[in-house]
Amino acid sequence: MEQDNLRTLRHTASHVMAQAVKRIYPDVRLAIGPAIDTGFYYDFDTATPLTQEDLPKIEAEMKKIIKENLQIKRYELPREEALAFMEKRGEPYKLELIRDLPEGEPISFYEQGEFTDLCAGPHMRYTSAVKAFKLLSVTGAYWRGNEKNKMLQRIYGTAFKTREELDAYLAELEEAKKRDHNKLGRELEYFTTVDVIGQGLPILMPKGARVIQILQRFVEDEEQRRGYLLTKTPYMAKRDLYKISGHWDHYREGMFIMGDPDAEGEVFALRPMTCPFQFQYYLARTRSYRDLPMRLNETSTLFRNEASGEMHGLIRVRQFTISEGHIACTPEQLEDEFRGCLDLAKFMLKAVGLDDSVSYRFSKWDENNKEKYIGSAEQWEAVQDRMRAILDDLKIDYTEASGEAAFYGPKLDIQIRNVYGKEDTLITIQIDFQLAKRFEMVYTDVNGEKKYPYVIHRTSIGCYERTLALLIEKYAGAMPMWLAPEQVRVLPITERNREYGAEVLNKLRAAGLRAEIDSRNEKIGYKIREAQIQKLPYMLLVGDKEAEAGMVSVRSRSGGDLGPKALDEFIAQAVAEAAAPKA
RNA sequence: GCUGGUGUGGCUCAGUCGGUAGAGCAGCUGAUUCGUAAUCAGCAGGUCGACGGUUCGAAUCCGCCCACCAGCUCCA
């Protein structure tokens, strides 16, 4: 109920904003303006684009409207009158909306002063109800979310019941932005990008590369324990392969193609997915039901020619490496194998500490967009029902989403939000009922009959770049000990202590700890500050008295000064702490 | 791809009306040997994102690319 009130308030705020915009720019055309989870927006068609500089003006006008305390009145009109009204007002988008309303649906309007909007409501009763609001940004957005339509101007804002709540939210936003991996990850030198290499092609610097290496080893070892067979397959193939898989017809604009597809001769393409490559192992000889389930994994680098506006830090890139895998199994094995994939994914999420940050999405096909998918409606419905049954049986709390499936089958997507609240898929488990047939992957069942196996496409920890990005945001750069690219830094107090510092460093490294030394001629407080900025788990101060006694003075990023400790004792404790999580 | 914004040494920024670049921090060298951030002195580092154009003269004006940021669309 509380939530509903807030949405109503925000919806009213969006109308107040639209009224303000109309007053300042009478020629704008109104599109839609709903409340959203974080506030509200309104889409306008304007002759010239709005910019950030327009916002204060609009805010000022909104304040006036709120002060005027206009009454908000709801009324309904019959279809013809509604159309005539919007016709007279010159609102083409509203006309389109009215025309699309189903017959018999009430057509309601909300009026506040000179401003009237087609709207289902509900709304507050007076404009003065909007007490604490803020306009945040102005961006483009396609009419009805379709890129073929005109791009409108969208203003985002937020509103709360009190000033305090608004200020708290804005402060929270600012705090969240400080954890942005795209800023922090560059500052802390996890990665960088460079113009001459190109968009969506990040350079993983030593720290980023190290974290990914740790994760990769962890994943591969765990998958080995769970009966996976590791493959290493080529990064490119002739187009013929992608014709069989369907990628050539359904994913071509997403591929990097080498050679002219219209000319004679061979054309190659970098792989956007691993499936058709990994299937070749299955196809290498005849298979029987005794070979199943066959679990294949690969640390697989993929290339996708994303549209230029899509790239974002390490979250959306053109080359990435994924903990890929495919399971071929019989229909009877499907549920157990699916359960196994989910268990592995959950284990991974828990290990890196992201398990409480995710949500589950059952991604289905879109029956109104059949070109995007292969297979018949009956097949899709059947496999989706099967998947839903499995999800329900596993008691997964999921939401359903149409049009989010892969072109060959439905998915369970494990979703995560970045610091801006934008949702991305971290992990996906897909049931594929079609590619086996396309590749003529068969097995001989107990009765000697040839059958097509189900194929599960799955990832255990997602793609490493994206996972790294979300870990940076989750921990604000302060990686847990087992993932920290630099676990310990040795800080000699004076030049005199460098030799002992080097000795300490060697012992740390010999014990398998990732350690560095700061031997600059700077004051000790300064070196500590540096290490703190980099969020290092441990700092070891070594001075004259530590050198004499074989000790180190330990500081942790969290607990502050831990006092002097025998070096061997520290090492034993740190090594234990640095161990990877166990199943 | 679309809408808007941004692009000056590693980082943060200054650069007024066009007169061919400055600061702090970081770096390096020397001195200092210091116990919880910033001692002293010096040095080095930039074809002002790229390429065209206007101009006697462009970091400043125009065009076109490229990259980065937010959003839309698309997606792991």
# chains A, B, ... in the order shown; residues from 1 in each chain; ligands from 1
>>> residues_around(residues="Leu536 of chain A", least_positions_apart="4", cutoff="12 Å", atoms="only C-alpha atoms (C1' of nucleotides)", output="compact mmCIF listing (two decimals) with C-alpha atoms, in the first residue's frame")
# COMPACT_ATOMS: atom_id res chain seq x y z
CA LEU A 188 42.60 1.02 -9.24
CA LYS A 207 45.18 -6.71 -11.16
CA TYR A 475 33.15 -4.70 -2.76
CA ALA A 476 33.90 -1.11 -3.81
CA GLY A 477 37.31 -2.39 -4.86
CA ALA A 478 38.05 -4.12 -1.54
CA MET A 479 38.20 -7.67 -2.86
CA PRO A 480 37.89 -10.55 -0.41
CA MET A 481 41.25 -11.99 0.57
CA TRP A 482 41.10 -15.00 -1.72
CA LEU A 483 40.33 -12.82 -4.76
CA ALA A 484 42.49 -9.81 -3.92
CA PRO A 485 45.05 -9.26 -6.66
CA GLU A 486 47.41 -7.85 -4.04
CA GLN A 487 46.86 -9.34 -0.61
CA VAL A 488 49.72 -7.91 1.38
CA ARG A 489 51.92 -4.85 0.99
CA VAL A 490 55.19 -4.51 2.83
CA ARG A 514 50.32 -12.08 -3.55
CA ALA A 515 52.56 -9.42 -2.07
CA GLU A 516 54.28 -6.21 -3.11
CA LYS A 527 52.58 4.74 2.24
CA ILE A 528 49.78 3.49 4.47
CA ARG A 529 47.42 5.98 2.91
CA GLU A 530 48.36 4.70 -0.54
CA ALA A 531 47.71 1.10 0.44
CA GLN A 532 44.38 2.08 1.96
CA LEU A 540 52.96 -4.95 7.02
CA ARG A 555 47.45 -3.32 9.71
CA SER A 556 44.30 -4.48 8.01
CA ARG A 557 42.04 -2.41 5.79
CA SER A 558 39.11 -3.27 8.02
CA GLY A 560 43.04 -1.01 11.62
>>> closest_atom_pairs(of="chain A", to="chain B", cutoff="6 Å", atoms="only C-alpha atoms (C1' of nucleotides)", output="JSON lines")
{"residue": "A:Thr139", "atom": "CA", "partner": "B:G71", "partner_atom": "C1'", "distance": 5.0}
{"residue": "A:Gly140", "atom": "CA", "partner": "B:U3", "partner_atom": "C1'", "distance": 4.0}
{"residue": "A:Ala141", "atom": "CA", "partner": "B:C72", "partner_atom": "C1'", "distance": 4.3}
{"residue": "A:Glu147", "atom": "CA", "partner": "B:U73", "partner_atom": "C1'", "distance": 5.4}
{"residue": "A:Asp195", "atom": "CA", "partner": "B:A67", "partner_atom": "C1'", "distance": 5.3}
{"residue": "A:Thr494", "atom": "CA", "partner": "B:U33", "partner_atom": "C1'", "distance": 5.3}
{"residue": "A:Gly525", "atom": "CA", "partner": "B:U36", "partner_atom": "C1'", "distance": 4.5}
{"residue": "A:Tyr526", "atom": "CA", "partner": "B:A37", "partner_atom": "C1'", "distance": 4.0}
{"residue": "A:Arg529", "atom": "CA", "partner": "B:A37", "partner_atom": "C1'", "distance": 5.4}
>>> atom_distance(atom1="atom CA of Leu215 of chain A", atom2="atom CA of Val352 of chain A")
8.9 Å
>>> residues_around(residues="segment 8-12 of chain A", least_positions_apart="5", cutoff="12 Å", atoms="only C-alpha atoms (C1' of nucleotides)", output="NGL selection string")
:A and (1-3 or 17-19 or 32-42 or 62 or 65-66 or 70-73 or 110-112 or 117 or 119-135 or 156-162)
>>> residues_around(residues="G9 of chain B", least_positions_apart="2", cutoff="12 Å", atoms="only C-alpha atoms (C1' of nucleotides)", output="list in words")
C11, A21, G22, A23, A26, G27, A44, G45, G46 and C48 of chain B
>>> write_last_selection(atoms="C-alpha atoms (C1' of nucleotides)", output="CSV table (one decimal), in the first residue's frame")
chain,number,residue,atom,x,y,z
B,11,C,C1',45.4,11.8,-12.2
B,21,A,C1',50.2,25.8,-23.3
B,22,G,C1',50.1,26.4,-17.2
B,23,A,C1',49.1,24.5,-11.8
B,26,A,C1',51.8,11.3,-9.3
B,27,G,C1',56.9,10.1,-11.7
B,44,A,C1',61.4,15.4,-17.0
B,45,G,C1',56.7,14.9,-19.2
B,46,G,C1',51.6,17.7,-23.7
B,48,C,C1',45.6,20.4,-26.3
>>> select_by_dssp(residues="segment 467-515 of chain A", states="alpha helix (DSSP H)", output="list in words")
Thr467, Leu468, Ala469, Leu470, Leu471, Ile472, Glu473, Lys474, Tyr475, Arg498, Glu499, Tyr500, Gly501, Ala502, Glu503, Val504, Leu505, Asn506, Lys507, Leu508, Arg509 and Ala510 of chain A
>>> write_last_selection(atoms="N, CA, C and O atoms", output="PDB file, in the first residue's frame")
ATOM      1  N   THR A 467      31.743 -10.450 -14.501  1.00  0.00           N
ATOM      2  CA  THR A 467      31.788 -10.843 -13.099  1.00  0.00           C
ATOM      3  C   THR A 467      32.778  -9.967 -12.338  1.00  0.00           C
ATOM      4  O   THR A 467      32.480  -9.496 -11.230  1.00  0.00           O
ATOM      5  N   LEU A 468      33.926  -9.718 -12.936  1.00  0.00           N
ATOM      6  CA  LEU A 468      34.911  -8.846 -12.301  1.00  0.00           C
ATOM      7  C   LEU A 468      34.313  -7.458 -12.049  1.00  0.00           C
ATOM      8  O   LEU A 468      34.453  -6.891 -10.969  1.00  0.00           O
ATOM      9  N   ALA A 469      33.629  -6.934 -13.048  1.00  0.00           N
ATOM     10  CA  ALA A 469      33.016  -5.612 -12.916  1.00  0.00           C
ATOM     11  C   ALA A 469      32.075  -5.582 -11.710  1.00  0.00           C
ATOM     12  O   ALA A 469      32.118  -4.664 -10.889  1.00  0.00           O
ATOM     13  N   LEU A 470      31.243  -6.607 -11.593  1.00  0.00           N
ATOM     14  CA  LEU A 470      30.254  -6.612 -10.521  1.00  0.00           C
ATOM     15  C   LEU A 470      30.890  -6.864  -9.161  1.00  0.00           C
ATOM     16  O   LEU A 470      30.390  -6.382  -8.145  1.00  0.00           O
ATOM     17  N   LEU A 471      32.015  -7.571  -9.160  1.00  0.00           N
ATOM     18  CA  LEU A 471      32.741  -7.755  -7.898  1.00  0.00           C
ATOM     19  C   LEU A 471      33.363  -6.441  -7.443  1.00  0.00           C
ATOM     20  O   LEU A 471      33.337  -6.104  -6.258  1.00  0.00           O
ATOM     21  N   ILE A 472      33.901  -5.692  -8.386  1.00  0.00           N
ATOM     22  CA  ILE A 472      34.475  -4.390  -8.036  1.00  0.00           C
ATOM     23  C   ILE A 472      33.387  -3.511  -7.417  1.00  0.00           C
ATOM     24  O   ILE A 472      33.598  -2.849  -6.406  1.00  0.00           O
ATOM     25  N   GLU A 473      32.194  -3.543  -8.010  1.00  0.00           N
ATOM     26  CA  GLU A 473      31.100  -2.721  -7.495  1.00  0.00           C
ATOM     27  C   GLU A 473      30.603  -3.247  -6.153  1.00  0.00           C
ATOM     28  O   GLU A 473      30.347  -2.475  -5.231  1.00  0.00           O
ATOM     29  N   LYS A 474      30.489  -4.561  -6.058  1.00  0.00           N
ATOM     30  CA  LYS A 474      30.006  -5.166  -4.821  1.00  0.00           C
ATOM     31  C   LYS A 474      30.910  -4.793  -3.642  1.00  0.00           C
ATOM     32  O   LYS A 474      30.442  -4.413  -2.580  1.00  0.00           O
ATOM     33  N   TYR A 475      32.214  -4.907  -3.862  1.00  0.00           N
ATOM     34  CA  TYR A 475      33.152  -4.698  -2.761  1.00  0.00           C
ATOM     35  C   TYR A 475      33.783  -3.306  -2.777  1.00  0.00           C
ATOM     36  O   TYR A 475      34.674  -3.035  -1.984  1.00  0.00           O
ATOM     37  N   ARG A 498      64.696  -1.487   4.215  1.00  0.00           N
ATOM     38  CA  ARG A 498      64.320  -2.055   2.910  1.00  0.00           C
ATOM     39  C   ARG A 498      64.785  -3.492   2.757  1.00  0.00           C
ATOM     40  O   ARG A 498      64.079  -4.313   2.165  1.00  0.00           O
ATOM     41  N   GLU A 499      65.960  -3.756   3.296  1.00  0.00           N
ATOM     42  CA  GLU A 499      66.526  -5.101   3.149  1.00  0.00           C
ATOM     43  C   GLU A 499      65.635  -6.121   3.873  1.00  0.00           C
ATOM     44  O   GLU A 499      65.266  -7.151   3.313  1.00  0.00           O
ATOM     45  N   TYR A 500      65.269  -5.788   5.096  1.00  0.00           N
ATOM     46  CA  TYR A 500      64.384  -6.680   5.844  1.00  0.00           C
ATOM     47  C   TYR A 500      63.026  -6.765   5.142  1.00  0.00           C
ATOM     48  O   TYR A 500      62.428  -7.838   5.054  1.00  0.00           O
ATOM     49  N   GLY A 501      62.598  -5.641   4.619  1.00  0.00           N
ATOM     50  CA  GLY A 501      61.334  -5.627   3.880  1.00  0.00           C
ATOM     51  C   GLY A 501      61.374  -6.601   2.710  1.00  0.00           C
ATOM     52  O   GLY A 501      60.414  -7.343   2.471  1.00  0.00           O
ATOM     53  N   ALA A 502      62.478  -6.596   1.999  1.00  0.00           N
ATOM     54  CA  ALA A 502      62.620  -7.488   0.843  1.00  0.00           C
ATOM     55  C   ALA A 502      62.583  -8.946   1.294  1.00  0.00           C
ATOM     56  O   ALA A 502      62.005  -9.812   0.628  1.00  0.00           O
ATOM     57  N   GLU A 503      63.178  -9.192   2.456  1.00  0.00           N
ATOM     58  CA  GLU A 503      63.189 -10.543   3.021  1.00  0.00           C
ATOM     59  C   GLU A 503      61.749 -10.985   3.350  1.00  0.00           C
ATOM     60  O   GLU A 503      61.328 -12.096   3.017  1.00  0.00           O
ATOM     61  N   VAL A 504      61.030 -10.079   3.992  1.00  0.00           N
ATOM     62  CA  VAL A 504      59.624 -10.361   4.325  1.00  0.00           C
ATOM     63  C   VAL A 504      58.833 -10.645   3.048  1.00  0.00           C
ATOM     64  O   VAL A 504      58.069 -11.609   2.965  1.00  0.00           O
ATOM     65  N   LEU A 505      59.056  -9.815   2.044  1.00  0.00           N
ATOM     66  CA  LEU A 505      58.352  -9.963   0.768  1.00  0.00           C
ATOM     67  C   LEU A 505      58.589 -11.345   0.172  1.00  0.00           C
ATOM     68  O   LEU A 505      57.646 -12.020  -0.260  1.00  0.00           O
ATOM     69  N   ASN A 506      59.852 -11.768   0.170  1.00  0.00           N
ATOM     70  CA  ASN A 506      60.175 -13.073  -0.401  1.00  0.00           C
ATOM     71  C   ASN A 506      59.476 -14.200   0.341  1.00  0.00           C
ATOM     72  O   ASN A 506      59.000 -15.152  -0.278  1.00  0.00           O
ATOM     73  N   LYS A 507      59.432 -14.084   1.653  1.00  0.00           N
ATOM     74  CA  LYS A 507      58.774 -15.144   2.433  1.00  0.00           C
ATOM     75  C   LYS A 507      57.282 -15.184   2.152  1.00  0.00           C
ATOM     76  O   LYS A 507      56.682 -16.257   2.070  1.00  0.00           O
ATOM     77  N   LEU A 508      56.676 -14.006   2.023  1.00  0.00           N
ATOM     78  CA  LEU A 508      55.251 -13.946   1.718  1.00  0.00           C
ATOM     79  C   LEU A 508      54.978 -14.612   0.375  1.00  0.00           C
ATOM     80  O   LEU A 508      54.060 -15.419   0.227  1.00  0.00           O
ATOM     81  N   ARG A 509      55.807 -14.260  -0.589  1.00  0.00           N
ATOM     82  CA  ARG A 509      55.609 -14.803  -1.940  1.00  0.00           C
ATOM     83  C   ARG A 509      55.865 -16.297  -1.969  1.00  0.00           C
ATOM     84  O   ARG A 509      55.148 -17.040  -2.643  1.00  0.00           O
ATOM     85  N   ALA A 510      56.879 -16.729  -1.230  1.00  0.00           N
ATOM     86  CA  ALA A 510      57.187 -18.163  -1.195  1.00  0.00           C
ATOM     87  C   ALA A 510      56.010 -18.944  -0.615  1.00  0.00           C
ATOM     88  O   ALA A 510      55.781 -20.100  -0.974  1.00  0.00           O
TER      89      ALA A 510
END
>>> select_by_dssp(residues="segment 48-77 of chain A", states="strand (DSSP E)", output="ChimeraX atom specification")
/A:72-77
>>> write_last_selection(atoms="all heavy atoms", output="short mmCIF file (atom, residue, chain, number, x, y, z; two decimals), in the first residue's frame")
data_model
loop_
_atom_site.label_atom_id
_atom_site.label_comp_id
_atom_site.auth_asym_id
_atom_site.auth_seq_id
_atom_site.Cartn_x
_atom_site.Cartn_y
_atom_site.Cartn_z
N ILE A 72 -6.68 18.04 -8.96
CA ILE A 72 -6.54 17.07 -10.03
C ILE A 72 -7.86 16.32 -10.17
O ILE A 72 -8.32 15.66 -9.24
CB ILE A 72 -5.39 16.10 -9.74
CG1 ILE A 72 -4.08 16.88 -9.57
CG2 ILE A 72 -5.25 15.06 -10.85
CD1 ILE A 72 -2.94 16.08 -9.01
N LYS A 73 -8.48 16.51 -11.36
CA LYS A 73 -9.82 15.95 -11.55
C LYS A 73 -9.81 14.85 -12.61
O LYS A 73 -9.20 15.01 -13.67
CB LYS A 73 -10.80 17.06 -11.98
CG LYS A 73 -11.17 17.98 -10.83
CD LYS A 73 -11.97 19.17 -11.30
CE LYS A 73 -11.04 20.29 -11.74
NZ LYS A 73 -11.72 21.56 -11.99
N ARG A 74 -10.47 13.76 -12.28
CA ARG A 74 -10.54 12.65 -13.23
C ARG A 74 -11.90 12.68 -13.91
O ARG A 74 -12.92 12.97 -13.28
CB ARG A 74 -10.40 11.33 -12.48
CG ARG A 74 -10.50 10.10 -13.38
CD ARG A 74 -10.42 8.82 -12.55
NE ARG A 74 -10.27 7.65 -13.38
CZ ARG A 74 -11.26 7.03 -14.02
NH1 ARG A 74 -12.50 7.50 -13.93
NH2 ARG A 74 -11.04 5.96 -14.76
N TYR A 75 -11.90 12.44 -15.22
CA TYR A 75 -13.18 12.24 -15.90
C TYR A 75 -12.98 11.31 -17.09
O TYR A 75 -11.86 11.08 -17.54
CB TYR A 75 -13.79 13.57 -16.35
CG TYR A 75 -12.96 14.36 -17.34
CD1 TYR A 75 -13.09 14.15 -18.71
CD2 TYR A 75 -12.07 15.35 -16.89
CE1 TYR A 75 -12.34 14.89 -19.61
CE2 TYR A 75 -11.31 16.09 -17.78
CZ TYR A 75 -11.44 15.86 -19.14
OH TYR A 75 -10.71 16.58 -20.03
N GLU A 76 -14.08 10.74 -17.56
CA GLU A 76 -14.00 9.82 -18.69
C GLU A 76 -14.71 10.42 -19.89
O GLU A 76 -15.64 11.22 -19.75
CB GLU A 76 -14.65 8.48 -18.33
CG GLU A 76 -13.83 7.71 -17.31
CD GLU A 76 -14.42 6.34 -16.99
OE1 GLU A 76 -15.33 5.90 -17.74
OE2 GLU A 76 -13.98 5.74 -16.01
N LEU A 77 -14.26 10.04 -21.07
CA LEU A 77 -14.91 10.47 -22.30
C LEU A 77 -15.16 9.24 -23.17
O LEU A 77 -14.36 8.30 -23.15
CB LEU A 77 -14.02 11.44 -23.08
CG LEU A 77 -13.85 12.86 -22.53
CD1 LEU A 77 -12.91 13.65 -23.45
CD2 LEU A 77 -15.18 13.57 -22.40
#
>>> residues_around(residues="Met236 of chain A", least_positions_apart="4", cutoff="7 Å", atoms="only C-alpha atoms (C1' of nucleotides)", output="PyMOL selection string")
chain A and resi 268-271
>>> residues_around(residues="Phe279 of chain A", least_positions_apart="2", cutoff="12 Å", atoms="only C-alpha atoms (C1' of nucleotides)", output="PyMOL selection string")
chain A and resi 231-233+241+244-245+273-277+281-285+294-298+325-328+435-442+453+455-457
>>> residues_around(residues="C61 of chain B", least_positions_apart="5", cutoff="10 Å", atoms="only C-alpha atoms (C1' of nucleotides)", output="PyMOL selection string")
chain B and resi 18+54-55
>>> decode(residues="segment 35-45 of chain A", atoms="all heavy atoms", output="PDB file, in the first residue's frame")
ATOM      1  N   ALA A  35       5.254   6.304 -13.553  1.00  0.00           N
ATOM      2  CA  ALA A  35       6.125   6.156 -12.392  1.00  0.00           C
ATOM      3  C   ALA A  35       6.957   4.892 -12.604  1.00  0.00           C
ATOM      4  O   ALA A  35       6.503   3.946 -13.230  1.00  0.00           O
ATOM      5  CB  ALA A  35       5.285   6.015 -11.125  1.00  0.00           C
ATOM      6  N   ILE A  36       8.193   4.911 -12.139  1.00  0.00           N
ATOM      7  CA  ILE A  36       9.036   3.714 -12.213  1.00  0.00           C
ATOM      8  C   ILE A  36       9.590   3.438 -10.809  1.00  0.00           C
ATOM      9  O   ILE A  36       9.343   4.213  -9.885  1.00  0.00           O
ATOM     10  CB  ILE A  36      10.196   3.894 -13.231  1.00  0.00           C
ATOM     11  CG1 ILE A  36      11.000   5.160 -12.928  1.00  0.00           C
ATOM     12  CG2 ILE A  36       9.654   3.951 -14.647  1.00  0.00           C
ATOM     13  CD1 ILE A  36      12.220   5.344 -13.809  1.00  0.00           C
ATOM     14  N   ASP A  37      10.330   2.351 -10.695  1.00  0.00           N
ATOM     15  CA  ASP A  37      10.813   1.929  -9.374  1.00  0.00           C
ATOM     16  C   ASP A  37      11.594   3.023  -8.655  1.00  0.00           C
ATOM     17  O   ASP A  37      11.548   3.135  -7.439  1.00  0.00           O
ATOM     18  CB  ASP A  37      11.709   0.695  -9.496  1.00  0.00           C
ATOM     19  CG  ASP A  37      10.887  -0.541  -9.808  1.00  0.00           C
ATOM     20  OD1 ASP A  37       9.642  -0.461  -9.693  1.00  0.00           O
ATOM     21  OD2 ASP A  37      11.476  -1.575 -10.171  1.00  0.00           O
ATOM     22  N   THR A  38      12.348   3.806  -9.428  1.00  0.00           N
ATOM     23  CA  THR A  38      13.222   4.783  -8.801  1.00  0.00           C
ATOM     24  C   THR A  38      12.706   6.210  -8.930  1.00  0.00           C
ATOM     25  O   THR A  38      13.381   7.144  -8.525  1.00  0.00           O
ATOM     26  CB  THR A  38      14.625   4.716  -9.437  1.00  0.00           C
ATOM     27  OG1 THR A  38      14.472   4.841 -10.851  1.00  0.00           O
ATOM     28  CG2 THR A  38      15.301   3.404  -9.113  1.00  0.00           C
ATOM     29  N   GLY A  39      11.521   6.390  -9.511  1.00  0.00           N
ATOM     30  CA  GLY A  39      11.010   7.750  -9.658  1.00  0.00           C
ATOM     31  C   GLY A  39       9.960   7.836 -10.745  1.00  0.00           C
ATOM     32  O   GLY A  39       8.925   7.175 -10.683  1.00  0.00           O
ATOM     33  N   PHE A  40      10.248   8.637 -11.761  1.00  0.00           N
ATOM     34  CA  PHE A  40       9.284   8.791 -12.855  1.00  0.00           C
ATOM     35  C   PHE A  40      10.012   9.342 -14.066  1.00  0.00           C
ATOM     36  O   PHE A  40      11.158   9.800 -13.968  1.00  0.00           O
ATOM     37  CB  PHE A  40       8.158   9.750 -12.446  1.00  0.00           C
ATOM     38  CG  PHE A  40       8.638  11.141 -12.120  1.00  0.00           C
ATOM     39  CD1 PHE A  40       8.760  12.115 -13.113  1.00  0.00           C
ATOM     40  CD2 PHE A  40       8.985  11.489 -10.810  1.00  0.00           C
ATOM     41  CE1 PHE A  40       9.203  13.402 -12.814  1.00  0.00           C
ATOM     42  CE2 PHE A  40       9.439  12.771 -10.512  1.00  0.00           C
ATOM     43  CZ  PHE A  40       9.545  13.727 -11.516  1.00  0.00           C
ATOM     44  N   TYR A  41       9.331   9.288 -15.206  1.00  0.00           N
ATOM     45  CA  TYR A  41       9.841  10.001 -16.381  1.00  0.00           C
ATOM     46  C   TYR A  41       8.668  10.446 -17.211  1.00  0.00           C
ATOM     47  O   TYR A  41       7.529  10.052 -16.979  1.00  0.00           O
ATOM     48  CB  TYR A  41      10.819   9.139 -17.197  1.00  0.00           C
ATOM     49  CG  TYR A  41      10.239   7.930 -17.894  1.00  0.00           C
ATOM     50  CD1 TYR A  41       9.536   8.062 -19.095  1.00  0.00           C
ATOM     51  CD2 TYR A  41      10.428   6.652 -17.390  1.00  0.00           C
ATOM     52  CE1 TYR A  41       9.014   6.948 -19.747  1.00  0.00           C
ATOM     53  CE2 TYR A  41       9.916   5.530 -18.035  1.00  0.00           C
ATOM     54  CZ  TYR A  41       9.206   5.684 -19.212  1.00  0.00           C
ATOM     55  OH  TYR A  41       8.690   4.584 -19.855  1.00  0.00           O
ATOM     56  N   TYR A  42       8.950  11.314 -18.173  1.00  0.00           N
ATOM     57  CA  TYR A  42       7.940  11.673 -19.165  1.00  0.00           C
ATOM     58  C   TYR A  42       8.654  11.819 -20.494  1.00  0.00           C
ATOM     59  O   TYR A  42       9.753  12.360 -20.546  1.00  0.00           O
ATOM     60  CB  TYR A  42       7.204  12.968 -18.791  1.00  0.00           C
ATOM     61  CG  TYR A  42       5.773  12.986 -19.309  1.00  0.00           C
ATOM     62  CD1 TYR A  42       4.696  12.862 -18.436  1.00  0.00           C
ATOM     63  CD2 TYR A  42       5.515  13.105 -20.670  1.00  0.00           C
ATOM     64  CE1 TYR A  42       3.387  12.844 -18.909  1.00  0.00           C
ATOM     65  CE2 TYR A  42       4.206  13.085 -21.145  1.00  0.00           C
ATOM     66  CZ  TYR A  42       3.147  12.946 -20.275  1.00  0.00           C
ATOM     67  OH  TYR A  42       1.857  12.906 -20.739  1.00  0.00           O
ATOM     68  N   ASP A  43       8.038  11.283 -21.551  1.00  0.00           N
ATOM     69  CA  ASP A  43       8.613  11.394 -22.894  1.00  0.00           C
ATOM     70  C   ASP A  43       7.912  12.502 -23.670  1.00  0.00           C
ATOM     71  O   ASP A  43       6.678  12.566 -23.690  1.00  0.00           O
ATOM     72  CB  ASP A  43       8.443  10.078 -23.659  1.00  0.00           C
ATOM     73  CG  ASP A  43       9.377   9.005 -23.142  1.00  0.00           C
ATOM     74  OD1 ASP A  43      10.284   9.342 -22.369  1.00  0.00           O
ATOM     75  OD2 ASP A  43       9.193   7.832 -23.516  1.00  0.00           O
ATOM     76  N   PHE A  44       8.726  13.350 -24.304  1.00  0.00           N
ATOM     77  CA  PHE A  44       8.190  14.467 -25.086  1.00  0.00           C
ATOM     78  C   PHE A  44       8.758  14.424 -26.494  1.00  0.00           C
ATOM     79  O   PHE A  44       9.896  14.008 -26.694  1.00  0.00           O
ATOM     80  CB  PHE A  44       8.629  15.804 -24.475  1.00  0.00           C
ATOM     81  CG  PHE A  44       8.274  15.961 -23.028  1.00  0.00           C
ATOM     82  CD1 PHE A  44       9.214  15.690 -22.039  1.00  0.00           C
ATOM     83  CD2 PHE A  44       7.014  16.397 -22.652  1.00  0.00           C
ATOM     84  CE1 PHE A  44       8.903  15.847 -20.706  1.00  0.00           C
ATOM     85  CE2 PHE A  44       6.686  16.564 -21.315  1.00  0.00           C
ATOM     86  CZ  PHE A  44       7.628  16.283 -20.340  1.00  0.00           C
ATOM     87  N   ASP A  45       7.955  14.895 -27.428  1.00  0.00           N
ATOM     88  CA  ASP A  45       8.465  15.124 -28.772  1.00  0.00           C
ATOM     89  C   ASP A  45       8.691  16.626 -28.883  1.00  0.00           C
ATOM     90  O   ASP A  45       7.751  17.405 -28.783  1.00  0.00           O
ATOM     91  CB  ASP A  45       7.441  14.646 -29.808  1.00  0.00           C
ATOM     92  CG  ASP A  45       7.984  14.742 -31.225  1.00  0.00           C
ATOM     93  OD1 ASP A  45       9.168  15.124 -31.386  1.00  0.00           O
ATOM     94  OD2 ASP A  45       7.234  14.429 -32.161  1.00  0.00           O
TER      95      ASP A  45
END
